[in-house]
file input-v1.txt (compact mmCIF, C-alpha atoms)
# COMPACT_ATOMS: atom_id res chain seq x y z
CA MET A 267 -10.30 22.98 -9.29
CA ALA A 268 -7.23 25.07 -9.96
CA GLY A 269 -6.68 25.08 -6.18
CA ALA A 270 -5.30 21.54 -6.37
CA ARG A 271 -2.37 22.76 -8.47
CA LEU A 272 0.62 24.91 -7.60
CA SER A 273 0.52 28.49 -8.77
CA GLY A 274 2.84 29.46 -11.58
CA VAL A 275 5.19 31.28 -9.16
CA ASP A 276 5.33 28.33 -6.76
CA GLN A 277 5.99 25.92 -9.62
CA PHE A 278 8.83 28.09 -10.89
CA VAL A 279 10.36 28.35 -7.39
CA GLN A 280 10.20 24.58 -6.86
CA CYS A 281 11.63 23.80 -10.30
CA LYS A 282 14.41 26.35 -9.79
CA ALA A 283 15.28 24.81 -6.41
CA LEU A 284 15.66 21.40 -8.03
CA LEU A 285 17.64 22.77 -10.97
CA ASP A 286 19.99 24.70 -8.67
CA ASN A 287 20.86 21.45 -6.93
CA ILE A 288 21.69 19.57 -10.12
CA VAL A 289 23.31 22.14 -12.40
CA PHE A 290 26.60 22.20 -10.51
CA ASN A 291 26.84 18.40 -10.44
CA LEU A 292 25.86 18.16 -14.10
CA TRP A 293 28.59 20.43 -15.41
CA THR A 294 31.22 19.45 -12.83
CA ASN A 295 30.95 15.76 -13.58
CA CYS A 296 30.77 16.23 -17.34
CA TYR A 297 33.30 19.07 -17.72
CA SER A 298 36.03 16.77 -18.94
CA VAL A 299 33.82 15.66 -21.82
CA PHE A 300 33.69 19.21 -23.14
CA GLU A 301 37.39 19.89 -22.48
CA ASN A 302 38.50 16.82 -24.33
CA SER A 303 36.27 17.49 -27.30
CA SER A 304 38.26 20.51 -28.58
CA THR A 305 40.21 18.42 -31.06
CA VAL A 306 37.14 17.26 -32.90
CA ALA A 307 37.08 18.45 -36.51
CA THR A 308 34.65 21.25 -37.26
CA LEU A 309 32.30 21.59 -40.17
CA ASP A 310 34.75 24.02 -41.83
CA GLY A 311 37.60 21.50 -41.93
CA PRO A 312 38.05 18.02 -43.31
CA THR A 313 36.20 15.43 -41.28
CA SER A 314 38.30 12.49 -42.39
CA PHE A 315 40.92 13.23 -39.67
CA ALA A 316 38.48 12.84 -36.77
CA THR A 317 39.29 9.73 -34.72
CA ASP A 318 36.79 7.29 -33.22
CA SER A 319 37.58 8.77 -29.80
CA ASP A 320 36.93 12.27 -31.10
CA MET A 321 33.61 11.23 -32.55
CA ALA A 322 32.58 9.55 -29.27
CA GLN A 323 33.45 12.71 -27.37
CA GLN A 324 31.47 14.81 -29.82
CA ASN A 325 28.48 12.48 -29.43
CA ASN A 326 28.73 12.69 -25.65
CA LYS A 327 28.84 16.46 -25.85
CA THR A 328 25.79 16.48 -28.12
CA ASP A 329 23.90 14.13 -25.80
CA ILE A 330 24.64 16.28 -22.74
CA GLU A 331 23.61 19.47 -24.49
CA ALA A 332 20.39 17.89 -25.74
CA ASP A 333 19.54 16.53 -22.27
CA PHE A 334 20.25 19.84 -20.61
CA LEU A 335 18.09 21.72 -23.10
CA GLN A 336 15.26 19.23 -22.60
CA LEU A 337 15.59 19.65 -18.83
CA ALA A 338 15.44 23.43 -19.09
CA ARG A 339 12.46 23.30 -21.45
CA THR A 340 10.59 20.93 -19.12
CA ALA A 341 11.39 22.98 -16.02
CA LEU A 342 10.03 26.13 -17.62
CA SER A 343 6.74 24.34 -18.30
CA GLY A 344 6.18 24.21 -14.54
CA ARG A 345 5.39 20.48 -14.13
CA MET A 346 7.69 19.21 -11.40
CA GLN A 347 6.91 15.53 -12.04
CA ASP A 348 8.01 15.94 -15.68
CA VAL A 349 11.30 17.43 -14.50
CA GLN A 350 11.80 14.38 -12.32
CA VAL A 351 11.05 12.04 -15.24
CA VAL A 352 13.73 13.76 -17.36
CA LEU A 353 16.26 13.51 -14.55
CA ARG A 354 15.54 9.82 -13.94
CA ARG A 355 16.07 9.09 -17.60
CA ALA A 356 19.33 11.02 -17.51
CA ALA A 357 20.46 9.04 -14.46
CA ARG A 358 19.85 5.75 -16.28
CA ARG A 359 21.50 7.04 -19.46
CA TYR A 360 24.71 8.18 -17.79
CA GLN A 361 25.02 5.25 -15.38
CA PRO A 362 27.47 3.34 -17.64
CA SER A 363 29.70 6.33 -18.50
CA VAL A 364 29.44 8.58 -15.40
CA PRO A 365 28.21 6.28 -12.60
CA HIS A 366 29.04 8.61 -9.70
CA PHE A 367 27.04 11.40 -11.34
CA ALA A 368 24.07 9.11 -12.07
CA GLU A 369 24.02 7.89 -8.47
CA ALA A 370 24.25 11.44 -7.11
CA LEU A 371 21.36 12.43 -9.36
CA THR A 372 19.27 9.49 -8.14
CA THR A 373 20.01 10.40 -4.52
CA LEU A 374 19.03 14.00 -5.18
CA LEU A 375 15.73 12.89 -6.71
CA HIS A 376 15.04 10.64 -3.73
CA GLU A 377 15.62 13.58 -1.38
CA SER A 378 13.91 16.08 -3.67
CA PRO A 379 13.06 19.32 -1.82
CA SER A 380 9.95 19.68 -3.96
CA GLN A 381 8.14 16.93 -2.06
CA ALA A 382 5.93 18.68 0.49
CA SER A 383 3.97 17.11 3.30
CA PRO A 384 0.14 17.16 3.16
CA LEU A 385 -0.03 19.16 6.37
CA ARG A 386 2.09 21.90 4.85
CA ARG A 387 0.25 21.66 1.53
CA GLN A 388 -3.11 21.98 3.30
CA ALA A 389 -1.90 25.18 4.89
CA GLU A 390 -0.84 26.56 1.51
CA ILE A 391 -3.29 24.93 -0.91
CA PRO A 392 -6.61 23.43 0.19
CA LEU A 393 -7.47 19.82 -0.57
CA PRO A 394 -9.47 19.43 -3.79
CA VAL A 395 -13.26 19.38 -3.32
CA ASP A 396 -16.28 18.45 -5.41
CA MET A 397 -17.76 21.58 -6.99
CA ASP A 398 -21.35 20.65 -6.10
CA SER A 399 -21.16 19.11 -2.61
CA ARG A 400 -17.97 20.92 -1.53
CA LEU A 401 -16.87 17.65 0.06
CA HIS A 402 -13.18 16.84 0.15
CA LEU A 403 -12.28 14.31 -2.52
CA MET A 404 -9.71 12.55 -0.33
CA ARG A 405 -8.91 11.68 3.24
CA VAL A 406 -5.40 12.28 4.54
CA GLU A 407 -3.79 10.33 7.38
CA ALA A 408 -0.67 12.38 7.97
CA GLU A 409 0.79 9.86 10.44
CA PRO A 410 -0.95 6.49 9.98
CA VAL A 411 -1.56 4.65 13.26
CA LEU A 412 -2.33 0.94 13.58
CA ASP A 413 -4.30 -0.47 16.51
CA HIS A 414 -2.30 -3.69 16.23
CA GLU A 415 0.35 -5.17 13.98
CA PRO A 416 -1.14 -6.77 10.85
CA ILE A 417 -0.92 -10.49 10.16
CA PHE A 418 -0.04 -11.18 6.51
CA ALA A 419 0.21 -14.47 4.65
CA ALA A 420 3.66 -15.31 3.27
CA GLU A 421 3.12 -14.12 -0.32
CA PRO A 422 1.59 -10.68 0.38
CA ALA A 423 4.12 -10.14 3.18
CA ALA A 424 7.00 -10.73 0.75
CA ALA A 425 5.46 -8.42 -1.86
CA LEU A 426 4.95 -5.64 0.68
CA ARG A 427 8.54 -5.96 1.88
CA GLN A 428 9.67 -5.69 -1.74
CA ILE A 429 7.80 -2.38 -2.13
CA ILE A 430 9.46 -1.02 1.00
CA GLU A 431 12.93 -2.13 -0.08
CA GLU A 432 12.54 -0.60 -3.54
CA GLN A 433 11.35 2.71 -2.17
CA ARG A 434 14.14 2.85 0.40
CA ASN A 435 16.93 1.95 -2.01
CA PRO A 436 16.21 3.42 -5.46
CA GLN A 437 19.93 3.89 -6.12
CA ALA A 438 20.48 0.13 -6.43
CA LEU A 439 17.70 -0.07 -9.00
CA ALA A 440 18.99 2.97 -10.88
CA ARG A 441 22.40 1.33 -11.27
CA ALA A 442 20.62 -1.52 -13.03
CA GLY A 443 18.62 0.88 -15.20
CA LEU A 444 15.39 0.26 -13.26
CA ASP A 445 12.80 2.31 -11.38
CA PRO A 446 10.95 1.26 -8.21
CA ALA A 447 7.52 -0.30 -8.71
CA ARG A 448 5.08 2.60 -9.00
CA ALA A 449 1.72 0.91 -8.56
CA ALA A 450 0.39 -2.21 -6.82
CA LEU A 451 -3.06 -3.78 -6.98
CA PHE A 452 -4.40 -5.50 -3.84
CA VAL A 453 -6.89 -8.27 -4.61
CA GLY A 454 -8.91 -10.32 -2.13
CA PRO A 455 -12.25 -10.77 -0.36
CA PRO A 456 -13.53 -8.11 2.04
CA GLY A 457 -11.93 -7.85 5.46
CA VAL A 458 -8.61 -9.59 4.76
CA GLY A 459 -6.36 -6.58 5.42
CA LYS A 460 -5.97 -4.72 2.11
CA THR A 461 -6.60 -1.24 3.54
CA LEU A 462 -4.62 -2.15 6.65
CA ALA A 463 -1.71 -3.13 4.41
CA ALA A 464 -1.78 0.31 2.76
CA ARG A 465 -1.76 1.97 6.18
CA TRP A 466 1.11 -0.28 7.30
CA LEU A 467 3.14 0.54 4.18
CA ALA A 468 2.64 4.27 4.75
CA ARG A 469 3.78 3.94 8.36
CA GLU A 470 6.84 1.85 7.46
CA LEU A 471 7.90 4.32 4.75
CA GLY A 472 7.18 7.33 6.96
CA ARG A 473 4.75 8.84 4.46
CA PRO A 474 1.18 10.08 4.79
CA LEU A 475 -1.65 7.95 3.45
CA VAL A 476 -4.04 9.65 1.01
CA ILE A 477 -7.29 7.74 0.43
CA LEU A 478 -9.64 8.48 -2.45
CA ASP A 479 -13.14 9.23 -1.08
CA LEU A 480 -15.45 7.53 -3.57
CA ALA A 481 -18.57 9.03 -2.03
CA ALA A 482 -17.33 12.51 -2.86
CA VAL A 483 -15.64 11.68 -6.17
CA MET A 484 -18.71 10.05 -7.74
CA SER A 485 -20.61 13.17 -8.76
CA SER A 486 -24.21 13.20 -9.96
CA LEU A 487 -22.77 14.80 -13.09
CA LEU A 488 -20.80 11.93 -14.59
CA GLY A 489 -18.48 14.20 -16.54
CA ARG A 490 -17.40 15.77 -13.27
CA THR A 491 -16.50 12.38 -11.77
CA GLY A 492 -13.57 12.06 -14.18
CA SER A 493 -12.50 15.60 -13.35
CA ASN A 494 -12.67 14.85 -9.62
CA LEU A 495 -10.58 11.73 -10.05
CA ARG A 496 -7.99 13.62 -12.07
CA HIS A 497 -7.74 16.36 -9.42
CA VAL A 498 -7.16 13.82 -6.64
CA ILE A 499 -4.35 12.03 -8.46
CA GLU A 500 -2.74 15.26 -9.69
CA TYR A 501 -2.75 16.56 -6.11
CA ALA A 502 -1.23 13.31 -4.79
CA LYS A 503 1.57 13.50 -7.38
CA THR A 504 2.82 16.73 -5.82
CA ILE A 505 3.35 15.27 -2.33
CA ASP A 506 5.48 12.42 -1.04
CA CYS A 507 2.66 10.08 -0.09
CA ILE A 508 0.99 6.70 -0.48
CA LEU A 509 -2.20 7.06 -2.54
CA LEU A 510 -4.89 4.40 -2.05
CA LEU A 511 -7.72 3.95 -4.56
CA ASP A 512 -10.03 1.72 -2.52
CA GLU A 513 -12.92 -0.17 -4.17
CA LEU A 514 -11.22 0.26 -7.54
CA ASP A 515 -13.90 -1.77 -9.33
CA ALA A 516 -16.34 1.12 -8.79
CA ILE A 517 -14.36 3.36 -11.16
CA ALA A 518 -12.49 0.88 -13.37
CA LYS A 519 -15.11 -1.54 -14.67
CA ARG A 520 -14.63 -3.40 -17.92
CA ARG A 521 -15.34 -1.18 -20.90
CA ASP A 522 -16.88 -4.07 -22.83
CA ASP A 523 -19.70 -4.28 -20.26
CA ARG A 524 -22.84 -3.39 -22.23
CA GLY A 525 -24.62 -2.46 -19.02
CA GLU A 526 -22.35 0.53 -18.43
CA ILE A 527 -22.98 3.91 -20.03
CA GLY A 528 -20.38 5.67 -22.13
CA GLU A 529 -19.44 8.26 -19.50
CA LEU A 530 -18.37 5.59 -17.01
CA LYS A 531 -16.29 3.96 -19.74
CA ARG A 532 -14.54 7.28 -20.33
CA LEU A 533 -13.81 7.37 -16.60
CA VAL A 534 -11.69 4.23 -17.06
CA THR A 535 -9.70 6.02 -19.77
CA VAL A 536 -9.06 8.95 -17.43
CA LEU A 537 -7.84 6.56 -14.75
CA ILE A 538 -5.52 4.73 -17.16
CA GLN A 539 -3.95 8.01 -18.27
CA GLN A 540 -3.42 9.12 -14.69
CA ILE A 541 -1.79 5.83 -13.66
CA ASP A 542 0.52 6.01 -16.69
CA ASP A 543 1.54 9.50 -15.56
CA TRP A 544 2.17 8.48 -11.93
CA PRO A 545 5.80 9.19 -10.86
CA SER A 546 8.02 6.32 -9.76
CA SER A 547 9.00 8.25 -6.63
CA GLY A 548 5.49 7.74 -5.26
CA VAL A 549 3.46 4.65 -4.44
CA LEU A 550 -0.02 4.22 -5.90
CA LEU A 551 -2.08 1.41 -4.38
CA ALA A 552 -5.50 0.16 -5.42
CA ALA A 553 -7.73 -2.43 -3.79
CA THR A 554 -10.65 -4.46 -5.10
CA ASN A 555 -12.94 -7.23 -3.87
CA HIS A 556 -14.12 -7.97 -7.42
CA PRO A 557 -11.12 -8.42 -9.73
CA ASP A 558 -13.33 -9.97 -12.42
CA LEU A 559 -15.03 -6.58 -12.91
CA LEU A 560 -11.83 -4.69 -13.70
CA ASP A 561 -11.00 -3.60 -17.22
CA PRO A 562 -8.07 -5.64 -18.62
CA ALA A 563 -6.14 -2.46 -19.42
CA ILE A 564 -6.23 -1.52 -15.72
CA TRP A 565 -4.46 -4.75 -14.76
CA ARG A 566 -1.54 -3.94 -17.05
CA ARG A 567 -0.99 -0.55 -15.40
CA PHE A 568 -0.01 -2.10 -12.06
CA ASP A 569 3.54 -3.38 -11.59
CA LEU A 570 2.50 -5.74 -8.78
CA HIS A 571 -0.64 -7.82 -8.27
CA ILE A 572 -0.85 -8.89 -4.63
CA GLN A 573 -3.38 -11.53 -3.57
CA PHE A 574 -4.73 -11.33 -0.01
CA PRO A 575 -6.31 -14.70 0.90
CA LEU A 576 -8.58 -15.51 3.82
CA PRO A 577 -6.40 -16.11 6.88
CA ASN A 578 -5.36 -19.63 7.84
CA GLN A 579 -5.70 -20.98 11.38
CA ASP A 580 -2.24 -19.81 12.48
CA GLY A 581 -2.91 -16.34 11.12
CA ILE A 582 -6.25 -16.17 12.92
CA ALA A 583 -4.65 -17.29 16.20
CA GLY A 584 -1.97 -14.61 15.90
CA PHE A 585 -4.55 -11.97 15.06
CA ILE A 586 -6.76 -12.89 18.05
CA GLU A 587 -3.80 -12.86 20.42
CA ALA A 588 -2.76 -9.42 19.14
CA MET A 589 -6.33 -8.15 19.56
CA LEU A 590 -6.89 -9.47 23.10
CA SER A 591 -3.45 -9.37 24.73
CA PRO A 592 -3.57 -5.72 25.87
CA TYR A 593 -6.84 -6.34 27.75
CA PHE A 594 -6.94 -10.06 28.52
CA PRO A 595 -3.98 -11.86 30.18
CA ALA A 596 -5.20 -15.31 29.09
CA ALA A 597 -5.37 -14.36 25.39
CA LYS A 598 -2.75 -16.92 24.36
CA ASN A 599 -4.69 -19.77 26.00
CA TRP A 600 -7.84 -18.87 24.09
CA SER A 601 -6.40 -17.85 20.73
CA SER A 602 -5.90 -21.31 19.19
CA LEU A 603 -9.38 -22.48 20.23
CA LEU A 604 -10.98 -19.33 18.89
CA ALA A 605 -8.97 -19.77 15.69
CA LEU A 606 -10.58 -23.18 15.22
CA ALA A 607 -14.06 -21.71 15.70
CA PHE A 608 -13.34 -18.79 13.33
CA ALA A 609 -11.79 -20.88 10.53
CA GLY A 610 -12.78 -19.63 7.08
CA ARG A 611 -13.72 -16.14 8.24
CA SER A 612 -12.08 -12.79 7.52
CA PHE A 613 -10.12 -10.63 9.93
CA SER A 614 -12.86 -8.00 9.98
CA ASP A 615 -15.53 -10.59 10.88
CA ILE A 616 -13.35 -11.91 13.70
CA GLU A 617 -12.59 -8.41 14.98
CA ARG A 618 -16.29 -7.54 15.00
CA ASP A 619 -17.25 -10.62 17.05
CA LEU A 620 -14.41 -10.14 19.52
CA ALA A 621 -15.32 -6.48 20.00
CA ALA A 622 -18.97 -7.41 20.58
CA ALA A 623 -17.92 -9.96 23.23
CA ARG A 624 -15.74 -7.41 24.99
CA ARG A 625 -18.53 -4.82 24.99
CA SER A 626 -21.02 -7.32 26.43
CA ALA A 627 -18.54 -8.33 29.13
CA ALA A 628 -17.87 -4.70 30.07
CA LEU A 629 -21.54 -3.64 30.17
CA GLY A 630 -22.71 -6.77 32.02
CA ASN A 631 -19.73 -6.82 34.38
CA LEU A 632 -19.10 -10.41 33.32
CA PRO A 633 -15.83 -12.36 32.96
CA LEU A 634 -14.66 -12.16 29.36
CA GLU A 635 -14.06 -15.91 29.46
CA GLU A 636 -17.82 -16.53 29.48
CA LEU A 637 -18.39 -14.45 26.38
CA LEU A 638 -15.46 -16.03 24.56
CA ALA A 639 -16.76 -19.49 25.48
CA ALA A 640 -20.09 -18.51 23.95
CA LEU A 641 -18.28 -17.67 20.69
CA LEU A 642 -16.64 -21.08 20.75
CA THR A 643 -19.83 -22.98 21.35
CA ASN A 644 -22.23 -21.33 18.99
CA LYS A 645 -24.83 -23.90 17.99
CA THR A 646 -24.30 -23.08 14.31
CA ILE A 647 -20.87 -24.69 14.57
CA ALA A 648 -20.84 -28.28 13.33
CA ARG A 649 -21.07 -30.91 16.08
CA ALA A 650 -17.70 -32.45 15.25
CA LYS A 651 -16.02 -29.08 15.70
CA ARG A 652 -17.97 -28.40 18.92
CA ILE A 653 -16.64 -31.67 20.34
CA LEU A 654 -13.09 -30.58 19.56
CA LEU A 655 -13.70 -27.16 21.10
CA ALA A 656 -15.28 -28.63 24.25
CA ALA A 657 -12.37 -31.02 24.72
CA GLY A 658 -9.90 -28.22 24.01
CA MET A 659 -11.40 -25.95 26.67
CA VAL A 660 -11.18 -28.73 29.23
CA ASP A 661 -7.65 -29.72 28.16
CA ARG A 662 -6.43 -26.14 28.68
CA GLY A 663 -8.16 -25.88 32.04
CA LEU A 664 -10.37 -23.05 30.82
CA VAL A 665 -13.63 -24.63 32.01
CA SER A 666 -14.74 -27.81 33.77
CA GLN A 667 -16.30 -30.75 31.96
CA ARG A 668 -19.67 -29.79 33.40
CA LYS A 669 -19.37 -26.20 32.13
CA ALA A 670 -18.18 -27.40 28.71
CA ARG A 671 -21.27 -29.62 28.47
CA GLU A 672 -23.55 -26.69 29.34
CA LEU A 673 -21.93 -24.43 26.77
CA THR A 674 -21.59 -26.85 23.87
CA GLY A 675 -24.39 -29.35 24.37
CA VAL A 676 -21.80 -32.11 24.00
CA ALA A 677 -22.34 -35.03 26.40
CA ARG A 678 -19.95 -35.13 29.32
CA ASP A 679 -18.97 -38.73 28.53
CA THR A 680 -17.96 -37.64 25.03
CA ILE A 681 -15.88 -34.83 26.47
CA ARG A 682 -14.33 -37.20 29.01
CA ASN A 683 -13.39 -39.67 26.28
CA ARG A 684 -11.60 -36.90 24.39
CA THR A 685 -9.72 -35.78 27.51
CA VAL A 686 -8.91 -39.14 29.07
CA PRO A 687 -5.18 -38.55 29.61
CA LYS A 688 -5.79 -35.34 31.54
CA ALA A 689 -8.73 -36.82 33.40
CA LYS A 690 -6.45 -39.57 34.72
CA LYS A 691 -3.89 -37.01 35.81
CA GLY A 692 -6.66 -35.15 37.63
CA LYS A 693 -7.61 -38.07 39.89
CA ARG A 694 -6.64 -38.00 43.52
CA GLY A 695 -5.48 -40.91 45.57
CA ASN A 696 -9.06 -41.92 46.39
CA GLY A 697 -9.76 -42.38 42.67
CA ARG A 698 -12.34 -39.60 42.49
CA ASP A 699 -12.42 -37.43 39.40
CA THR A 700 -11.77 -33.82 40.46
CA SER A 701 -13.17 -32.34 37.25
call {"tool": "encode", "arguments": {"input": "input-v1.txt", "output": "structure tokens"}}
result
Amino acid sequence: MAGARLSGVDQFVQCKALLDNIVFNLWTNCYSVFENSSTVATLDGPTSFATDSDMAQQNNKTDIEADFLQLARTALSGRMQDVQVVLRRAARRYQPSVPHFAEALTTLLHESPSQASPLRRQAEIPLPVDMDSRLHLMRVEAEPVLDHEPIFAAEPAAALRQIIEEQRNPQALARAGLDPARAALFVGPPGVGKTLAARWLARELGRPLVILDLAAVMSSLLGRTGSNLRHVIEYAKTIDCILLLDELDAIAKRRDDRGEIGELKRLVTVLIQQIDDWPSSGVLLAATNHPDLLDPAIWRRFDLHIQFPLPNQDGIAGFIEAMLSPYFPAAKNWSSLLALAFAGRSFSDIERDLAAARRSAALGNLPLEELLAALLTNKTIARAKRILLAAGMVDRGLVSQRKARELTGVARDTIRNRTVPKAKKGKRGNGRDTS
């Protein structure tokens, strides 16, 4: 799996490009420290005459020399992410004494020329594959596209906006001695928008989305599974991307589970090491439907834990309107009623039922209203809710009282009693009910 790594020549070229950009700033901004340190007493002379200022200057000079040597040593090792770690630490260290230099260094890291796009990387270095199946270990969405805008509850929406703000403005964090959040764990039942949130984040940040393919990573040879996982994350570290580890519980189960064999427990250790080594310039996301299965050490590796609940009625109504509006002019009239019928269900369940209704309407050349009404009046819905839905359809003028009775099985008198105000407004001068 050496193909997932840069060659030695490429690593040297990338490291040199980064070093060339910082060397001038490093020595230009710190030149005065060296100039002013000439009066410091040497080892050959008496040290008692050195002032506090002289000693501070000498310490600054020593610190700069040590940092520069560490940077050079790290660059020569060929690991670009380690170079970036050294530079981030230097930016935080010199923020109090040389703030303009620290901010310039942070900006340079944010715009690092070493970050390549997956499309370019695929042309130069193939995506990592499993040695046995030859299947790609990841899926890459170079330009994530959403069929519709996601609907998030207040808490996950705020957390996602925080991730975006931190990634867009790392300089503000650097001035406070902080790094952006590197990793976030999405927790919630199936179908509530965890994967969609990862795709939305990638689109908002203008980065490709890289998704771990569990089917390919989980090798029949358990020892190779850890190697596959390591290759995926190492590859993702070299590109400016959003990495999503979906179904995290499949590879990060509790190590105190006696039902798991030792090799799977070692897989958790591999994952922990890789998350610890993840650079703060990237965003690592993981999603799970079963948080109780995760190893406790995994939880601690994620800066943010974001809960995705089942949608409430307003969220469902907004989702339905977004789904139907491009194809159905009356979507707004139906969305609140459908939201009542779909209460307690996930976005994916709702999307599946709406898509099935649209397909049936298209194939049978039927009005979509009939198929939507059938969703509202499913006999598995409790009678009390069916009464509300029947009255709601009549109130909105979607169907007549007679049609509502046929669809819901609710007596027409019951429907009329729930829609009395509108029934009165519907009477003509002769007193006949026009419904």
call {"tool": "closest_atom_pairs", "arguments": {"input": "input-v1.txt", "of": "range 390-497 of chain A", "to": "range 575-585 of chain A", "cutoff": "7 Å", "atoms": "all atoms listed in the file", "output": "JSON lines"}}
result
{"residue": "A:Ile417", "atom": "CA", "partner": "A:Gly581", "partner_atom": "CA", "distance": 6.3}
{"residue": "A:Gly454", "atom": "CA", "partner": "A:Pro575", "partner_atom": "CA", "distance": 5.9}
{"residue": "A:Val458", "atom": "CA", "partner": "A:Leu576", "partner_atom": "CA", "distance": 6.0}
call {"tool": "residues_around", "arguments": {"input": "input-v1.txt", "residues": "Leu401 in chain A", "least_positions_apart": "6", "cutoff": "9 Å", "atoms": "all atoms listed in the file", "output": "PyMOL selection string"}}
result
chain A and resi 394-395+482-483
call {"tool": "atom_distance", "arguments": {"input": "input-v1.txt", "atom1": "CA of Pro455 in chain A", "atom2": "CA of Asn555 in chain A"}}
result
5.0 Å
call {"tool": "residues_around", "arguments": {"input": "input-v1.txt", "residues": "range 535-543 of chain A", "least_positions_apart": "4", "cutoff": "12 Å", "atoms": "only C-alpha atoms", "output": "JSON, numbers by chain"}}
result
{"A": [345, 347, 348, 350, 351, 448, 449, 450, 451, 489, 490, 491, 492, 493, 494, 495, 496, 497, 498, 499, 500, 501, 502, 503, 509, 511, 514, 515, 516, 517, 518, 519, 520, 521, 528, 529, 530, 531, 547, 548, 549, 550, 551, 552, 560, 561, 562, 563, 564, 565, 566, 567, 568, 569]}
call {"tool": "residues_near_point", "arguments": {"input": "input-v1.txt", "point": "(-5.9, -5.5, 3.0)", "cutoff": "12 Å", "atoms": "only C-alpha atoms", "output": "VMD selection string"}}
result
chain A and resid 416 to 419 422 to 423 426 451 to 467 510 512 to 513 551 to 555 572 to 577 612 to 614
call {"tool": "residues_around", "arguments": {"input": "input-v1.txt", "residues": "Ala670 in chain A", "least_positions_apart": "5", "cutoff": "10 Å", "atoms": "all atoms listed in the file", "output": "CSV table (one decimal) with C-alpha atoms, keeping the file's coordinate frame"}}
result
chain,number,residue,atom,x,y,z
A,639,ALA,CA,-16.8,-19.5,25.5
A,643,THR,CA,-19.8,-23.0,21.4
A,652,ARG,CA,-18.0,-28.4,18.9
A,653,ILE,CA,-16.6,-31.7,20.3
A,655,LEU,CA,-13.7,-27.2,21.1
A,656,ALA,CA,-15.3,-28.6,24.2
A,657,ALA,CA,-12.4,-31.0,24.7
A,658,GLY,CA,-9.9,-28.2,24.0
A,659,MET,CA,-11.4,-26.0,26.7
A,660,VAL,CA,-11.2,-28.7,29.2
A,664,LEU,CA,-10.4,-23.0,30.8
A,665,VAL,CA,-13.6,-24.6,32.0
A,675,GLY,CA,-24.4,-29.4,24.4
A,676,VAL,CA,-21.8,-32.1,24.0
A,677,ALA,CA,-22.3,-35.0,26.4
A,678,ARG,CA,-20.0,-35.1,29.3
A,681,ILE,CA,-15.9,-34.8,26.5
call {"tool": "atom_distance", "arguments": {"input": "input-v1.txt", "atom1": "CA of Ser546 in chain A", "atom2": "CA of Leu480 in chain A"}}
result
24.3 Å
call {"tool": "closest_residue", "arguments": {"input": "input-v1.txt", "among": "A:Leu570, A:Met484, A:Met404, A:Val534", "to": "Gln428 in chain A", "atoms": "only C-alpha atoms"}}
result
A:Leu570
call {"tool": "residues_around", "arguments": {"input": "input-v1.txt", "residues": "Arg469 in chain A", "least_positions_apart": "4", "cutoff": "10 Å", "atoms": "only C-alpha atoms", "output": "count of residues only"}}
result
13
call {"tool": "atom_distance", "arguments": {"input": "input-v1.txt", "atom1": "CA of Leu606 in chain A", "atom2": "CA of Ile647 in chain A"}}
result
10.4 Å
